[in-house]
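For reference, the structure discussed in these notes is given below.
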Amino acid sequence: MSFTEYTGRQRVDEYRSPMARTDPLVTMATGLDAEVAQYFLVSARCGCFMQAARSLNVRPTLLRKHLALLEEQLQRTLFRFQGSALTLTRDGQLFHAQLVALAHERKLPVIEQPMIRLAVAQTILHDILGRDLVALLRRNASVRLEIISLDSELSLQAVSADVVVWLAGTESSAPGPSFAVSEPERLALLNYLPHIAKRYSRVTARPVDLDDLADFLLVQWLHERPVDSFRPWNEIVDQRLAGVVQLHCYELMLEMVRCSACIGLLPGYMGRFDRGLVALPGLFGQAMQRQVWMAVNARSTDCEQTRVIVELIRNTFHERREWFEN
């Protein structure tokens with residue numbers, strides 16, 4: 001080896017080795033617990049402890065606790081706040097570089113989350129489950145979830161999913177999905193009543209019998225036209241020669257009831273969902289009811305992520321049980 005080659009290599013070794021021999025950042029990076037390493041790397045990438053906790057599906061307090069212990073062990077400050085932005089200190093940048101190099105060297109695999117397919121009746125998704133599903137996603141940004149909206153019995157028969165929540169009649173043997181599922185679980189019995197917006201109807205002017213409906217515009221969600229238990233309402237709509245709006249969009253139907261002085265058939269809980277709507281009981285002598293059912297794909301019953309979704313749905317209906325009381 002020539003003198004030039006020797007001195008050149010020596011300079012490189014001198015550049016690389018002092019920290020490797022003396023700095024605890026390298027030693028700690030090499031032996032760091034994989035979970036804590038992930039907490040640090042994700043926090044550095046997100047620049048926000050809250051977002052990092054969401055991505056990792058852990059409590060922010062737990063994340064901060066582990067990172068504080070890491071800084072205590074290193075006796076270095078790894079993060080700092082510049083205004084509202086979370087950044088790495090110089091020591092944090094060095095530690096980050098060491099962890100990234102080790103991750104590439106070891107070729108650590110990315111933990112793949114299973115895709116969970118949730119199929120839900122459109123009205124239940126909009127009125128009942130939507131908010132809690134959003135809350136789940138706020139807590140867990142690493143979830144892989146496909147949400148499928150069911151608007152008819154035909155879509156229920158055509159769907160393939162891990163968890164299914166659907167509406168059916170009150171008969172004892174309610175039709176369910178076409179694939180093998182666990183024992184269906186009844187979540188609620190829904191009573192349906194005509195509703196109107198409070199601001200468009202004084203108490204003394206609200207309809208009290210079917211003849212009074214002639215003075216009001218009626219709105220119908222067309223996906224409920226084939227529902228057998230809704231026959232009394234659907235017959236009134238079908239007899240109309242004027243004053244009827246029929247829609248394929250559930251959200252627009254709700255908006256028309258809220259804002260256009262329309263009367264529409266809605267679940268009895270709607271007054272709790274939207275305080276601006278009021279039910280009109282007593283117009284029909286025959287009860288109009290549907291049941292909410294849930295079932296799990298037989299091949300997905302052992303999946304932890306599936307169980308999380310099932311428990312969320314059960315808890316949501318339990319917390320809103322007063323909505324479904326007759």
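How things are named: the first chain in the structure tokens is A, the next is B, and so on; residues count from 1 in each chain; ligands count from 1 in the order shown.
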
Near range 56-69 of chain A, counting only C-alpha atoms, which residues have an atom at most 9 Å away, once you skip same-chain residues fewer than 4 positions from it, shown as a PyMOL selection string?
-> chain A and resi 36+38-40+42-43+49-52+73-74+77-78+139-143

Hey, what's within 8 Å of Ile196 in chain A if we count only C-alpha atoms and toss same-chain stuff fewer than 5 positions away? As a PyMOL selection string, please?
-> chain A and resi 201+257-258+261-264+277-280

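Using only C-alpha atoms, the smallest distance between any of A:Cys259, A:Ala53, A:Arg199, A:Gln305 and Gln113 in chain A comes from A:Gln305.
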
Which neighbours of Asp228 in chain A fall inside 10 Å, counting only C-alpha atoms, when residues of the same chain fewer than 5 positions from it are skipped, and could you give them as a ChimeraX atom specification?
-> /A:168-169,234,288-290

Output N, CA and C atoms of each residue in that selection to a file, as a PDB file, in the first residue's frame.
ATOM      1  N   ALA A 168     -82.964  -4.503   7.657  1.00  0.00           N
ATOM      2  CA  ALA A 168     -83.892  -5.527   7.177  1.00  0.00           C
ATOM      3  C   ALA A 168     -85.240  -5.308   7.837  1.00  0.00           C
ATOM      4  N   GLY A 169     -86.230  -6.057   7.371  1.00  0.00           N
ATOM      5  CA  GLY A 169     -87.559  -5.960   7.945  1.00  0.00           C
ATOM      6  C   GLY A 169     -87.617  -6.590   9.324  1.00  0.00           C
ATOM      7  N   ASN A 234     -95.261   5.025   1.103  1.00  0.00           N
ATOM      8  CA  ASN A 234     -95.010   4.992  -0.334  1.00  0.00           C
ATOM      9  C   ASN A 234     -96.304   5.098  -1.143  1.00  0.00           C
ATOM     10  N   MET A 288     -94.138   1.557  10.959  1.00  0.00           N
ATOM     11  CA  MET A 288     -93.144   1.374   9.893  1.00  0.00           C
ATOM     12  C   MET A 288     -91.795   1.176  10.564  1.00  0.00           C
ATOM     13  N   GLN A 289     -91.278  -0.050  10.508  1.00  0.00           N
ATOM     14  CA  GLN A 289     -90.091  -0.404  11.274  1.00  0.00           C
ATOM     15  C   GLN A 289     -89.075  -1.174  10.422  1.00  0.00           C
ATOM     16  N   ARG A 290     -87.820  -1.055  10.839  1.00  0.00           N
ATOM     17  CA  ARG A 290     -86.744  -1.867  10.273  1.00  0.00           C
ATOM     18  C   ARG A 290     -85.766  -2.220  11.398  1.00  0.00           C
TER      19      ARG A 290
END

Go through A:Glu322, A:Val296, A:Thr87, A:Leu125 and flag the residue nearest Ile309 in chain A, using only C-alpha atoms for the distances.
->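 Nearest to Ile309 in chain A: A:Val296.
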